[in-house]
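Each remark here refers to the structure printed beneath this line.
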Amino acid sequence: IKCVHFSGNRTYYTGNRCEKIFTNSDHSRTPGRNLVEEKLSLLEQLSQHQAEASTVRIGLPMTLNIWENLPFWFTLFKELGWRVVRSRISSPTLIKNSAATVMSDNICYPAKLAHAHILDLLERQVDRIFYPRVTYEHPNFKDAANNYNCPIVTGYPDVIDSAINPVERGVQMDSPLINFNDSEQLRSGCKIYLKRFGIEKSSFNSAFDKALQAQQFFKQALLLKGREVIGTARAAHQPLIVLGGRPYHADPLINHKIPEMIAAMGLHVLTEDSLPLDEIEVADPLQVIDQWEYSNRLYRAAHWAGGEVRAEFIQLNSFGCGPDAVIIDELKAILKTYGKTPVVLKIDEITSIGSAKLRVRSLIEAQTAGGAPAEKSSRPS
């Protein structure tokens with residue numbers, strides 16, 4: 001880092017990558033709320049108050065669809081008396097030994113990371129690994145055509161089985177077919193899987209009900225945080241960024257700490273699942289079939305951001321994702337009806353977020369230059 005001194009005690013820093021310490025800004029910003037970080041904190045709280053002794057040490061890999069339903073699975077197994085071991089949050093150290101097991105170089109980065117999380121659980125000597133095939137996620141929107149997971153998310157346990165084969169390493173990997181379409185389908189799938197362990201009916205029913213409550217509590221807690229941020233921003237006329245992505249974009253290695261970078265610029269960061277999307281009606285017909293549950297949220301989040309005066313929409317795109325080829329165009333069409341343009345940050349195995357930072361700054365400068373009105377939006381929070 002070089003510090004250039006000028007007359008009048010003026011300085012200019014160059015070569016630095018961290019503006020928290022060395023900054024050329026004339027004023028300091030108050031960081032915005034970062035709901036990606038707060039969402040991760042909510043998930044971390046699940047590990048607390050777990051009994052040390054148990055009959056089974058079952059591993060949950062923190063990858064792909066597990067990010068969506070972690071509160072449910074963690075609570076279900078914990079209430080059955082099992083010790084739940086999550087793989088560690090992604091880091092460069094975690095993935096260094098997994099590259100040789102990745103069978104396709106053009107698969108998306110979140111899928112590649114699944115290999116690292118399975119290997120991490122094997123190193124931690126769990127008794128079993130639970131990695132379900134989830135075809136349908138919970139349907140959040142009655143007007144959506146369907147609520148599929150993408151084929152990569154649904155079928156990746158088969159890839160892991162072929163590429164790593166945990167059984168040969170002495171650990172059974174359980175990958176039952178599970179659907180979150182409705183509670184009865186979910187109950188049936190869980191009951192069939194747990195039948196082999198001799199779980200009593202009363203114990204199963206109690207654990208299952210508590211798992212449903214835990215999943216609902218997590219969603220409501222995140223929505224409450226979203227309402228707090230929206231209310232604060234409206235009252236103070238502060239800018240909001242809707243950072244649209246998938247549940248696994250809460251992983252700091254996948255999102256490359258872009259949410260933290262945006263919040264440090266004084267912007268409040270909202271996730272698509274922290275918004276009151278059940279109040280959004282898609283008035284105009286979509287140009288695509290809205291059959292993927294995660295992308296269904298993005299379409300409605302774009303409508304919400306479009307109708308909110310001081311909100312802008314940024315999409316995180318792990319660009320090995322096939323559905324995003326059509327999702328990006330659809331989001332652009334939706335926001336165009338509100339006079340806004342989405343910013344797409346294509347991220348994967350990048351090591352520098354300099355270009356992403358520049359694009360976010362350009363977005364904010366454009367919003368400021370456009371003279372966004374200060375009045376509140378009429379949309380309910």
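By order of appearance in the structure tokens: chains A, B, ..., then residues from 1 within every chain, and ligands from 1 in the order shown.
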
Closest contacts (region 29-123 of chain A/region 348-356 of chain A, max 12 Å, only C-alpha atoms) as JSON lines:
{"residue": "A:Ser91", "atom": "CA", "partner": "A:Glu349", "partner_atom": "CA", "distance": 11.9}
{"residue": "A:Pro92", "atom": "CA", "partner": "A:Glu349", "partner_atom": "CA", "distance": 10.6}
{"residue": "A:Ile95", "atom": "CA", "partner": "A:Glu349", "partner_atom": "CA", "distance": 11.5}
{"residue": "A:Asp105", "atom": "CA", "partner": "A:Glu349", "partner_atom": "CA", "distance": 11.3}
{"residue": "A:Asn106", "atom": "CA", "partner": "A:Asp348", "partner_atom": "CA", "distance": 10.6}
{"residue": "A:Ile107", "atom": "CA", "partner": "A:Asp348", "partner_atom": "CA", "distance": 10.2}
{"residue": "A:Cys108", "atom": "CA", "partner": "A:Asp348", "partner_atom": "CA", "distance": 7.3}
{"residue": "A:Tyr109", "atom": "CA", "partner": "A:Asp348", "partner_atom": "CA", "distance": 5.6}
{"residue": "A:Pro110", "atom": "CA", "partner": "A:Asp348", "partner_atom": "CA", "distance": 8.2}
{"residue": "A:Ala111", "atom": "CA", "partner": "A:Asp348", "partner_atom": "CA", "distance": 10.8}
{"residue": "A:Lys112", "atom": "CA", "partner": "A:Glu349", "partner_atom": "CA", "distance": 10.1}
{"residue": "A:Leu113", "atom": "CA", "partner": "A:Glu349", "partner_atom": "CA", "distance": 10.5}

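Contact shell of Ser47 (chain A) at 9 Å (only C-alpha atoms; same-chain neighbours under 4 positions omitted): Leu43, Phe74, Val84, Val85 and Arg86 of chain A.
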
May I have the selected residues written with N, CA, C and O atoms, as a PDB file, in the first residue's frame?
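Below is the file that was written, result30.pdb:
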ATOM      1  N   LEU A  43     -29.034 -19.745  10.932  1.00  0.00           N
ATOM      2  CA  LEU A  43     -28.760 -21.158  10.691  1.00  0.00           C
ATOM      3  C   LEU A  43     -27.701 -21.686  11.659  1.00  0.00           C
ATOM      4  O   LEU A  43     -27.772 -22.834  12.102  1.00  0.00           O
ATOM      5  N   PHE A  74     -32.134 -30.720  10.581  1.00  0.00           N
ATOM      6  CA  PHE A  74     -31.375 -30.655  11.826  1.00  0.00           C
ATOM      7  C   PHE A  74     -32.278 -30.971  13.018  1.00  0.00           C
ATOM      8  O   PHE A  74     -31.920 -31.761  13.899  1.00  0.00           O
ATOM      9  N   VAL A  84     -26.162 -34.481  15.354  1.00  0.00           N
ATOM     10  CA  VAL A  84     -26.105 -33.950  13.997  1.00  0.00           C
ATOM     11  C   VAL A  84     -24.783 -33.221  13.802  1.00  0.00           C
ATOM     12  O   VAL A  84     -24.451 -32.299  14.552  1.00  0.00           O
ATOM     13  N   VAL A  85     -24.044 -33.646  12.786  1.00  0.00           N
ATOM     14  CA  VAL A  85     -22.754 -33.042  12.472  1.00  0.00           C
ATOM     15  C   VAL A  85     -22.869 -32.370  11.109  1.00  0.00           C
ATOM     16  O   VAL A  85     -23.060 -33.037  10.097  1.00  0.00           O
ATOM     17  N   ARG A  86     -22.785 -31.049  11.095  1.00  0.00           N
ATOM     18  CA  ARG A  86     -22.799 -30.336   9.813  1.00  0.00           C
ATOM     19  C   ARG A  86     -21.376 -30.217   9.283  1.00  0.00           C
ATOM     20  O   ARG A  86     -20.439 -30.084  10.057  1.00  0.00           O
TER      21      ARG A  86
END

### Pick from A:Leu35, A:Leu345, A:Arg10, A:His115 nearest to Leu275 (chain A), counting only C-alpha atoms
A:Leu35

### Task
May I ask for the distance between CA of Asp209 (chain A) and CA of Leu70 (chain A), given in Å to one decimal place?
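Pair CA of Asp209 (chain A) / CA of Leu70 (chain A) returns 15.0 Å.
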
Once you count only C-alpha atoms, what closest atom pair and distance in Å to one decimal does each residue of region 67-142 of chain A within 12 Å of region 218-225 of chain A have, with rows by chain and rising residue number, as JSON lines?
{"residue": "A:Trp67", "atom": "CA", "partner": "A:Phe218", "partner_atom": "CA", "distance": 11.9}
{"residue": "A:Glu68", "atom": "CA", "partner": "A:Lys219", "partner_atom": "CA", "distance": 10.0}
{"residue": "A:Asn69", "atom": "CA", "partner": "A:Phe218", "partner_atom": "CA", "distance": 9.8}
{"residue": "A:Leu70", "atom": "CA", "partner": "A:Phe218", "partner_atom": "CA", "distance": 9.7}
{"residue": "A:Pro71", "atom": "CA", "partner": "A:Phe218", "partner_atom": "CA", "distance": 7.0}
{"residue": "A:Phe72", "atom": "CA", "partner": "A:Phe218", "partner_atom": "CA", "distance": 9.4}
{"residue": "A:Thr75", "atom": "CA", "partner": "A:Phe218", "partner_atom": "CA", "distance": 11.5}
{"residue": "A:His138", "atom": "CA", "partner": "A:Lys219", "partner_atom": "CA", "distance": 11.9}
{"residue": "A:Asn140", "atom": "CA", "partner": "A:Lys219", "partner_atom": "CA", "distance": 11.5}

### Query
So which one's closest to Met261 (chain A), A:Asn34, A:Thr14, A:Asn181, A:Asn205? Using only C-alpha atoms, please.
A:Asn34

### Task
Using DSSP on the backbone coordinates, identify all residues within region 69-227 of chain A classified as alpha helix (DSSP H); present the result as a PyMOL selection string.
chain A and resi 69-79+92-95+109-123+151-163+183-194+201-227

### Task
May I have all residues of region 275-343 of chain A that DSSP, computed from the backbone, assigns to strand (DSSP E or B), given as number ranges by chain?
A: 292, 311-318, 343

Could you write out the selected residues, including N, CA, C and O atoms, as a PDB file, in the first residue's frame?
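The result, written out as part-v1.pdb:
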ATOM      1  N   TRP A 292     -39.422 -23.632 -11.639  1.00  0.00           N
ATOM      2  CA  TRP A 292     -38.358 -23.835 -10.659  1.00  0.00           C
ATOM      3  C   TRP A 292     -38.662 -22.994  -9.422  1.00  0.00           C
ATOM      4  O   TRP A 292     -38.833 -21.793  -9.520  1.00  0.00           O
ATOM      5  N   ALA A 311     -35.413   0.813  -3.965  1.00  0.00           N
ATOM      6  CA  ALA A 311     -34.823  -0.521  -4.046  1.00  0.00           C
ATOM      7  C   ALA A 311     -34.274  -0.788  -5.442  1.00  0.00           C
ATOM      8  O   ALA A 311     -34.862  -0.373  -6.443  1.00  0.00           O
ATOM      9  N   GLU A 312     -33.154  -1.470  -5.491  1.00  0.00           N
ATOM     10  CA  GLU A 312     -32.578  -1.941  -6.740  1.00  0.00           C
ATOM     11  C   GLU A 312     -32.377  -3.442  -6.635  1.00  0.00           C
ATOM     12  O   GLU A 312     -32.252  -3.990  -5.539  1.00  0.00           O
ATOM     13  N   PHE A 313     -32.338  -4.099  -7.788  1.00  0.00           N
ATOM     14  CA  PHE A 313     -32.257  -5.562  -7.821  1.00  0.00           C
ATOM     15  C   PHE A 313     -30.903  -5.986  -8.383  1.00  0.00           C
ATOM     16  O   PHE A 313     -30.511  -5.561  -9.472  1.00  0.00           O
ATOM     17  N   ILE A 314     -30.205  -6.816  -7.625  1.00  0.00           N
ATOM     18  CA  ILE A 314     -28.939  -7.403  -8.075  1.00  0.00           C
ATOM     19  C   ILE A 314     -29.069  -8.914  -7.998  1.00  0.00           C
ATOM     20  O   ILE A 314     -29.466  -9.461  -6.973  1.00  0.00           O
ATOM     21  N   GLN A 315     -28.724  -9.581  -9.086  1.00  0.00           N
ATOM     22  CA  GLN A 315     -28.791 -11.039  -9.090  1.00  0.00           C
ATOM     23  C   GLN A 315     -27.395 -11.636  -9.018  1.00  0.00           C
ATOM     24  O   GLN A 315     -26.506 -11.281  -9.794  1.00  0.00           O
ATOM     25  N   LEU A 316     -27.198 -12.551  -8.075  1.00  0.00           N
ATOM     26  CA  LEU A 316     -25.984 -13.349  -8.028  1.00  0.00           C
ATOM     27  C   LEU A 316     -26.167 -14.553  -8.927  1.00  0.00           C
ATOM     28  O   LEU A 316     -27.107 -15.334  -8.745  1.00  0.00           O
ATOM     29  N   ASN A 317     -25.292 -14.712  -9.882  1.00  0.00           N
ATOM     30  CA  ASN A 317     -25.417 -15.783 -10.866  1.00  0.00           C
ATOM     31  C   ASN A 317     -24.160 -16.642 -10.846  1.00  0.00           C
ATOM     32  O   ASN A 317     -23.107 -16.221 -11.314  1.00  0.00           O
ATOM     33  N   SER A 318     -24.271 -17.827 -10.243  1.00  0.00           N
ATOM     34  CA  SER A 318     -23.175 -18.791 -10.342  1.00  0.00           C
ATOM     35  C   SER A 318     -23.283 -19.409 -11.726  1.00  0.00           C
ATOM     36  O   SER A 318     -24.073 -20.319 -11.955  1.00  0.00           O
ATOM     37  N   VAL A 343     -28.898  -5.647 -12.205  1.00  0.00           N
ATOM     38  CA  VAL A 343     -27.457  -5.854 -12.304  1.00  0.00           C
ATOM     39  C   VAL A 343     -27.198  -7.330 -12.047  1.00  0.00           C
ATOM     40  O   VAL A 343     -27.621  -7.872 -11.027  1.00  0.00           O
TER      41      VAL A 343
END

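Distances from A:Glu37, A:Asp324, A:Glu308, A:Glu79 to Ala233 (chain A) were compared using only C-alpha atoms, and the smallest one belongs to A:Glu308.
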
### Message
Would you compute the distance between CA of Asn147 (chain A) and CA of Phe180 (chain A)? Give it in Å to one decimal.
### Response
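About the pair CA of Asn147 (chain A) and CA of Phe180 (chain A): they are 9.4 Å apart.
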
### Message
Neighbouring residues of Ala305 (chain A) were defined as those with any atom within 9 Å, considering only C-alpha atoms; residues of the same chain fewer than 4 positions away were excluded. Please report them as a PyMOL selection string.
### Response
chain A and resi 240-242+300-301+309-313+335

Find the residues near Thr154 (chain A): any atom within 7 Å, counting only C-alpha atoms, skip ones fewer than 2 places away on the same chain, and give them as a JSON list (two decimals) with N, CA, C and O atoms, in the first residue's frame.
[["chain", "number", "residue", "atom", "x", "y", "z"],
["A", 133, "ARG", "N", -32.42, -36.76, -2.13],
["A", 133, "ARG", "CA", -32.83, -36.30, -3.46],
["A", 133, "ARG", "C", -34.17, -35.57, -3.30],
["A", 133, "ARG", "O", -35.18, -36.20, -3.05],
["A", 134, "VAL", "N", -34.16, -34.28, -3.45],
["A", 134, "VAL", "CA", -35.37, -33.48, -3.26],
["A", 134, "VAL", "C", -35.83, -32.98, -4.63],
["A", 134, "VAL", "O", -35.20, -32.10, -5.22],
["A", 135, "THR", "N", -36.92, -33.53, -5.12],
["A", 135, "THR", "CA", -37.44, -33.14, -6.44],
["A", 135, "THR", "C", -38.27, -31.87, -6.34],
["A", 135, "THR", "O", -38.10, -30.95, -7.14],
["A", 149, "ASN", "N", -36.99, -28.47, -7.97],
["A", 149, "ASN", "CA", -35.58, -28.16, -7.88],
["A", 149, "ASN", "C", -34.98, -28.40, -9.26],
["A", 149, "ASN", "O", -35.52, -29.18, -10.05],
["A", 150, "CYS", "N", -33.86, -27.76, -9.57],
["A", 150, "CYS", "CA", -33.23, -28.03, -10.86],
["A", 150, "CYS", "C", -32.64, -29.44, -10.82],
["A", 150, "CYS", "O", -32.35, -29.99, -9.75],
["A", 151, "PRO", "N", -32.45, -30.08, -11.98],
["A", 151, "PRO", "CA", -31.96, -31.46, -12.01],
["A", 151, "PRO", "C", -30.61, -31.65, -11.33],
["A", 151, "PRO", "O", -30.35, -32.73, -10.78],
["A", 152, "ILE", "N", -29.77, -30.62, -11.36],
["A", 152, "ILE", "CA", -28.47, -30.74, -10.69],
["A", 152, "ILE", "C", -28.66, -30.90, -9.20],
["A", 152, "ILE", "O", -28.06, -31.77, -8.55],
["A", 156, "TYR", "N", -27.71, -34.60, -7.64],
["A", 156, "TYR", "CA", -26.29, -34.60, -7.30],
["A", 156, "TYR", "C", -25.86, -35.66, -6.29],
["A", 156, "TYR", "O", -24.69, -36.05, -6.30]]

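Each of A:Lys357, A:His5, A:His117, A:Lys346 was compared to Leu94 (chain A) using only C-alpha atoms, and A:His117 turns out to be the nearest.
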
### Selected residue of minimal separation from Asn165 (chain A) among A:Val36, A:Val360, A:Ala214, A:Leu119, counting only C-alpha atoms
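Among the listed residues, the smallest separation from Asn165 (chain A) belongs to A:Leu119.
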
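Closest approach to Gly322 (chain A) among A:Ile160, A:Ile254, A:Gln215, A:Val153: A:Val153, based on only C-alpha atoms.
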
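The gap separating CA of Ile178 (chain A) from CA of Ser202 (chain A) is 21.0 Å, in Å to one decimal.
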
### Residues within 9 Å of region 185-194 of chain A, only C-alpha atoms, excluding chain neighbours under 3 positions, as number ranges by chain
A: 174, 176-182, 197-199, 201, 204-205, 208

Excluding region 326-333 of chain A and residues on its chain fewer than 6 positions from it, collect all residues at most 10 Å away from it, counting only C-alpha atoms, and give them as a short mmCIF file (atom, residue, chain, number, x, y, z; two decimals) with all heavy atoms, in the first residue's frame.
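Dumped to around.cif:
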data_model
loop_
_atom_site.label_atom_id
_atom_site.label_comp_id
_atom_site.auth_asym_id
_atom_site.auth_seq_id
_atom_site.Cartn_x
_atom_site.Cartn_y
_atom_site.Cartn_z
N LEU A 286 -45.76 -14.32 -17.48
CA LEU A 286 -44.33 -14.49 -17.68
C LEU A 286 -44.07 -15.02 -19.08
O LEU A 286 -44.91 -15.70 -19.68
CB LEU A 286 -43.76 -15.45 -16.65
CG LEU A 286 -43.80 -14.99 -15.19
CD1 LEU A 286 -43.44 -16.16 -14.27
CD2 LEU A 286 -42.84 -13.84 -14.95
N GLN A 287 -42.88 -14.73 -19.60
CA GLN A 287 -42.51 -15.23 -20.92
C GLN A 287 -41.90 -16.63 -20.84
O GLN A 287 -41.55 -17.21 -21.86
CB GLN A 287 -41.51 -14.27 -21.57
CG GLN A 287 -42.05 -12.85 -21.72
CD GLN A 287 -41.01 -11.90 -22.27
OE1 GLN A 287 -40.53 -12.05 -23.39
NE2 GLN A 287 -40.65 -10.90 -21.47
N VAL A 288 -41.75 -17.14 -19.62
CA VAL A 288 -41.22 -18.48 -19.40
C VAL A 288 -42.17 -19.24 -18.49
O VAL A 288 -43.05 -18.65 -17.85
CB VAL A 288 -39.82 -18.43 -18.75
CG1 VAL A 288 -38.84 -17.73 -19.67
CG2 VAL A 288 -39.86 -17.73 -17.40
N ILE A 289 -42.01 -20.54 -18.43
CA ILE A 289 -42.79 -21.36 -17.50
C ILE A 289 -42.12 -21.29 -16.13
O ILE A 289 -40.96 -21.68 -15.99
CB ILE A 289 -42.89 -22.82 -17.98
CG1 ILE A 289 -43.59 -22.88 -19.34
CG2 ILE A 289 -43.64 -23.67 -16.96
CD1 ILE A 289 -43.66 -24.27 -19.93
N ASP A 290 -42.84 -20.81 -15.14
CA ASP A 290 -42.26 -20.65 -13.80
C ASP A 290 -42.37 -21.96 -13.03
O ASP A 290 -43.21 -22.13 -12.15
CB ASP A 290 -42.93 -19.49 -13.04
CG ASP A 290 -44.45 -19.60 -13.04
OD1 ASP A 290 -44.99 -20.36 -13.86
OD2 ASP A 290 -45.09 -18.92 -12.23
N SER A 295 -36.33 -19.94 -8.75
CA SER A 295 -36.50 -18.84 -9.71
C SER A 295 -37.87 -18.18 -9.57
O SER A 295 -38.03 -17.00 -9.87
CB SER A 295 -36.28 -19.33 -11.14
OG SER A 295 -37.14 -20.39 -11.47
N ASN A 296 -38.88 -18.94 -9.11
CA ASN A 296 -40.19 -18.33 -8.85
C ASN A 296 -40.06 -17.19 -7.85
O ASN A 296 -40.74 -16.16 -7.96
CB ASN A 296 -41.16 -19.38 -8.29
CG ASN A 296 -41.56 -20.42 -9.33
OD1 ASN A 296 -41.37 -20.20 -10.53
ND2 ASN A 296 -42.09 -21.53 -8.88
N LEU A 298 -37.37 -15.37 -7.45
CA LEU A 298 -36.65 -14.27 -8.09
C LEU A 298 -37.60 -13.40 -8.91
O LEU A 298 -37.49 -12.18 -8.90
CB LEU A 298 -35.54 -14.82 -8.98
CG LEU A 298 -34.39 -15.54 -8.27
CD1 LEU A 298 -33.36 -16.03 -9.29
CD2 LEU A 298 -33.74 -14.64 -7.25
N TYR A 299 -38.54 -14.02 -9.62
CA TYR A 299 -39.48 -13.24 -10.43
C TYR A 299 -40.29 -12.29 -9.53
O TYR A 299 -40.49 -11.12 -9.85
CB TYR A 299 -40.43 -14.17 -11.19
CG TYR A 299 -39.74 -15.12 -12.14
CD1 TYR A 299 -40.21 -16.42 -12.32
CD2 TYR A 299 -38.62 -14.72 -12.87
CE1 TYR A 299 -39.59 -17.29 -13.18
CE2 TYR A 299 -37.99 -15.60 -13.73
CZ TYR A 299 -38.47 -16.89 -13.88
OH TYR A 299 -37.86 -17.77 -14.73
N ARG A 300 -40.76 -12.82 -8.42
CA ARG A 300 -41.59 -12.01 -7.53
C ARG A 300 -40.76 -10.99 -6.75
O ARG A 300 -41.23 -9.89 -6.46
CB ARG A 300 -42.37 -12.94 -6.60
CG ARG A 300 -43.51 -13.64 -7.35
CD ARG A 300 -43.93 -14.96 -6.72
NE ARG A 300 -44.98 -15.57 -7.52
CZ ARG A 300 -44.76 -16.28 -8.64
NH1 ARG A 300 -43.53 -16.45 -9.09
NH2 ARG A 300 -45.76 -16.79 -9.31
N ALA A 301 -39.52 -11.36 -6.44
CA ALA A 301 -38.63 -10.40 -5.79
C ALA A 301 -38.32 -9.24 -6.72
O ALA A 301 -38.20 -8.09 -6.28
CB ALA A 301 -37.33 -11.09 -5.37
N ALA A 302 -38.22 -9.52 -8.03
CA ALA A 302 -38.00 -8.45 -9.01
C ALA A 302 -39.20 -7.52 -9.06
O ALA A 302 -39.04 -6.29 -9.17
CB ALA A 302 -37.72 -9.05 -10.39
N HIS A 303 -40.41 -8.07 -8.99
CA HIS A 303 -41.61 -7.23 -8.94
C HIS A 303 -41.61 -6.36 -7.68
O HIS A 303 -41.98 -5.18 -7.74
CB HIS A 303 -42.87 -8.11 -8.98
CG HIS A 303 -43.31 -8.49 -10.36
ND1 HIS A 303 -43.87 -7.58 -11.23
CD2 HIS A 303 -43.28 -9.67 -11.02
CE1 HIS A 303 -44.17 -8.19 -12.37
NE2 HIS A 303 -43.82 -9.45 -12.26
N PHE A 313 -32.34 -4.10 -7.79
CA PHE A 313 -32.26 -5.56 -7.82
C PHE A 313 -30.90 -5.99 -8.38
O PHE A 313 -30.51 -5.56 -9.47
CB PHE A 313 -33.38 -6.14 -8.68
CG PHE A 313 -33.50 -7.64 -8.61
CD1 PHE A 313 -34.30 -8.24 -7.66
CD2 PHE A 313 -32.79 -8.45 -9.49
CE1 PHE A 313 -34.42 -9.62 -7.59
CE2 PHE A 313 -32.90 -9.83 -9.43
CZ PHE A 313 -33.72 -10.42 -8.48
N GLN A 315 -28.72 -9.58 -9.09
CA GLN A 315 -28.79 -11.04 -9.09
C GLN A 315 -27.40 -11.64 -9.02
O GLN A 315 -26.51 -11.28 -9.79
CB GLN A 315 -29.48 -11.58 -10.35
CG GLN A 315 -29.62 -13.11 -10.33
CD GLN A 315 -30.03 -13.69 -11.66
OE1 GLN A 315 -30.22 -12.96 -12.63
NE2 GLN A 315 -30.15 -15.01 -11.73
N ASN A 317 -25.29 -14.71 -9.88
CA ASN A 317 -25.42 -15.78 -10.87
C ASN A 317 -24.16 -16.64 -10.85
O ASN A 317 -23.11 -16.22 -11.31
CB ASN A 317 -25.65 -15.17 -12.26
CG ASN A 317 -25.58 -16.20 -13.37
OD1 ASN A 317 -25.03 -15.93 -14.42
ND2 ASN A 317 -26.13 -17.37 -13.14
N GLY A 339 -39.19 0.65 -15.11
CA GLY A 339 -38.15 1.62 -15.45
C GLY A 339 -36.82 1.33 -14.79
O GLY A 339 -35.99 2.23 -14.62
N LYS A 340 -36.59 0.09 -14.41
CA LYS A 340 -35.34 -0.29 -13.75
C LYS A 340 -34.63 -1.38 -14.55
O LYS A 340 -35.25 -2.09 -15.35
CB LYS A 340 -35.60 -0.78 -12.32
CG LYS A 340 -36.17 0.29 -11.40
CD LYS A 340 -36.32 -0.23 -9.97
CE LYS A 340 -36.88 0.86 -9.06
NZ LYS A 340 -36.99 0.42 -7.66
N THR A 341 -33.34 -1.52 -14.30
CA THR A 341 -32.53 -2.52 -14.98
C THR A 341 -31.80 -3.35 -13.92
O THR A 341 -31.18 -2.78 -13.01
CB THR A 341 -31.49 -1.86 -15.90
OG1 THR A 341 -32.17 -1.06 -16.86
CG2 THR A 341 -30.67 -2.92 -16.64
N PRO A 342 -31.85 -4.67 -14.02
CA PRO A 342 -31.14 -5.49 -13.03
C PRO A 342 -29.63 -5.47 -13.27
O PRO A 342 -29.17 -5.26 -14.40
CB PRO A 342 -31.70 -6.89 -13.26
CG PRO A 342 -32.05 -6.91 -14.72
CD PRO A 342 -32.52 -5.51 -15.04
N VAL A 343 -28.90 -5.65 -12.21
CA VAL A 343 -27.46 -5.85 -12.30
C VAL A 343 -27.20 -7.33 -12.05
O VAL A 343 -27.62 -7.87 -11.03
CB VAL A 343 -26.70 -4.99 -11.29
CG1 VAL A 343 -25.22 -5.38 -11.23
CG2 VAL A 343 -26.82 -3.52 -11.65
N VAL A 344 -26.55 -7.99 -12.98
CA VAL A 344 -26.23 -9.42 -12.84
C VAL A 344 -24.74 -9.55 -12.54
O VAL A 344 -23.90 -9.13 -13.34
CB VAL A 344 -26.58 -10.20 -14.12
CG1 VAL A 344 -26.25 -11.68 -13.94
CG2 VAL A 344 -28.05 -10.03 -14.47
#

Please provide as a PDB file with C-alpha atoms, in the first residue's frame all residues within 12 Å of Ala250 (chain A), with the sequence filter that same-chain residues fewer than 6 positions apart are discarded (counting only C-alpha atoms).
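Here's the written file part_37.pdb:
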ATOM      1  CA  ASN A  34     -26.850  -7.417   5.790  1.00  0.00           C
ATOM      2  CA  LEU A  35     -29.603 -10.038   5.849  1.00  0.00           C
ATOM      3  CA  VAL A  36     -27.408 -12.607   4.092  1.00  0.00           C
ATOM      4  CA  GLU A  37     -25.107 -12.528   7.112  1.00  0.00           C
ATOM      5  CA  GLU A  38     -28.056 -12.503   9.522  1.00  0.00           C
ATOM      6  CA  LYS A  39     -29.606 -15.471   7.702  1.00  0.00           C
ATOM      7  CA  LEU A  40     -26.353 -17.387   8.127  1.00  0.00           C
ATOM      8  CA  SER A  41     -26.367 -16.476  11.818  1.00  0.00           C
ATOM      9  CA  LEU A  42     -29.895 -17.867  12.212  1.00  0.00           C
ATOM     10  CA  LEU A  43     -28.760 -21.158  10.691  1.00  0.00           C
ATOM     11  CA  GLU A  44     -25.683 -21.255  12.917  1.00  0.00           C
ATOM     12  CA  MET A  62     -23.844 -27.803   3.812  1.00  0.00           C
ATOM     13  CA  THR A  63     -24.492 -27.752   0.096  1.00  0.00           C
ATOM     14  CA  LEU A  64     -27.195 -27.062  -2.531  1.00  0.00           C
ATOM     15  CA  ASN A  65     -30.709 -27.949  -1.270  1.00  0.00           C
ATOM     16  CA  ILE A  66     -29.557 -28.555   2.320  1.00  0.00           C
ATOM     17  CA  TRP A  67     -29.309 -24.769   2.679  1.00  0.00           C
ATOM     18  CA  GLU A  68     -33.040 -24.531   2.000  1.00  0.00           C
ATOM     19  CA  ILE A  89     -18.799 -23.596   6.100  1.00  0.00           C
ATOM     20  CA  SER A  90     -16.959 -23.483   2.773  1.00  0.00           C
ATOM     21  CA  PRO A 110     -21.966 -24.649  -5.750  1.00  0.00           C
ATOM     22  CA  LEU A 243     -29.734  -9.519  -3.641  1.00  0.00           C
ATOM     23  CA  GLY A 244     -31.455 -12.313  -5.531  1.00  0.00           C
ATOM     24  CA  HIS A 256     -17.502 -14.134  -2.254  1.00  0.00           C
ATOM     25  CA  LYS A 257     -18.654 -11.785   0.547  1.00  0.00           C
ATOM     26  CA  ILE A 258     -20.388  -9.556  -1.978  1.00  0.00           C
ATOM     27  CA  PRO A 259     -23.263  -8.955   0.495  1.00  0.00           C
ATOM     28  CA  GLU A 260     -20.728  -7.706   3.041  1.00  0.00           C
ATOM     29  CA  LEU A 270     -32.225  -8.035   1.489  1.00  0.00           C
ATOM     30  CA  THR A 271     -32.452 -11.659   0.381  1.00  0.00           C
ATOM     31  CA  GLU A 272     -35.258 -12.831  -1.869  1.00  0.00           C
ATOM     32  CA  ASP A 273     -36.658 -15.005   0.936  1.00  0.00           C
ATOM     33  CA  LEU A 316     -25.984 -13.349  -8.028  1.00  0.00           C
TER      34      LEU A 316
END
